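Participant: Handing you this structure, nothing more for now.
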Amino acid sequence: PNTYLFVGNEGIGKKTLALEFAKKILVTENLNNHPDFLILDEIVELGIESAINFISKLNFRPFIAQKKVAIINNAENLNINSSNALLKTLEEPSESTILILISSKLRLLPTIVSRCQVIKFHTFSIIALKKFAELNKLNIPTSAFDLSFGKINQLIKFSEDKNALIQAGLLAQKYKDLIRQSTGEKLLSIGEYAELETEDLEKTFLFWLSLQVRDLGENPTDYKKMEALNDSILGLKLNKNK
């Protein structure tokens, strides 16, 4: 295929694999300044100007390799205009270009998805995380494997920043304590969390949601807590009263 879509949770190796894939195609270990490698890596909305500027470079034939390789990271950030611009390119793909879209959410236009070879990525098991830590000689406490939620980049972060692991442990314990609180105590806790910045509150809810997802197999009825957290995260995005 000329176009791939790597989709799955953040932090599980989609971009890493895409870069390794590019190295194999271009037969190089150094992608920096390689004339046949392009990457669009934005964390904000990808507008029409950025998309057209990037897409226009795909029309050139390879300079030194047999193929050009182009990566669009965070492809879920394409807006409707930039998506349509990309779609026109996918309708008549260049035989000399390999395009890799990377997305943490399957939130792309169905017409774009239908033109891609979709490869789904999944979180790692604790056994796989431990094997990764062993191979890379990471010296980390056992708690790091549970709190990484199957994400390699989170495990690496904990190995490099022990304070981050401590804070994650405290946040997990806080959630367990909140669940056990009486209704009155929970109402008092609302004031404490409402004082947090919206971004920090969203990160807290996302972390708690990951806890619930991790333990759902043991506690299936906890899906109601997951629904509540999802509703809260959506409410924050819609600027509802914290």
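In the structure tokens, chains take the letters A, B, ... in the order shown, each chain's residues start at 1, and ligands count up from 1 in the order shown.
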Using backbone DSSP assignments, extract all alpha helix (DSSP H) residues from segment 142-195 of chain A; output them as a ChimeraX atom specification.
Facilitator: /A:143-147,152-160,162-180,183-194
Participant: Excluding Phe60 of chain A and residues on its chain fewer than 4 positions from it, collect all residues at most 12 Å away from it, counting only C-alpha atoms, and give them as a list in words.
Facilitator: Pro35, Asp36, Phe37, Leu38, Phe54, Ile55, Ser56, Ile64, Lys67, Lys68, Val69, Ala70, Ser94, Glu95, Ser96 and Thr97 of chain A
Participant: Leaving out Ile98 of chain A and any residue of its chain fewer than 3 positions from it, which residues lie within 12 Å of it when counting only C-alpha atoms, given as a ChimeraX atom specification?
Facilitator: /A:1-5,18,21-22,25-26,36-39,58-59,61-62,65-72,89-90,93-95,101,116-117
Participant: If we count only C-alpha atoms, what is near Ser148 of chain A at a cut-off of 10 Å, once residues fewer than 6 positions away on the same chain are taken out, given as an MDAnalysis selection string?
Facilitator: chainID A and resid 11 123:124 126 129 154:158 165 168 210:211
Participant: Extract, using only C-alpha atoms, all DNA, RNA and protein residues at most 9 Å from Glu202 of chain A, discarding same-chain residues fewer than 4 positions from it, and format them as a ChimeraX atom specification.
Facilitator: /A:197-198,206-207,232-233,236-237
Participant: Taking the chain letters and numbering used in this document, name the residues of segment 85-175 of chain A that DSSP puts in strand (DSSP E), as a PyMOL selection string.
Facilitator: chain A and resi 97-103+117-120
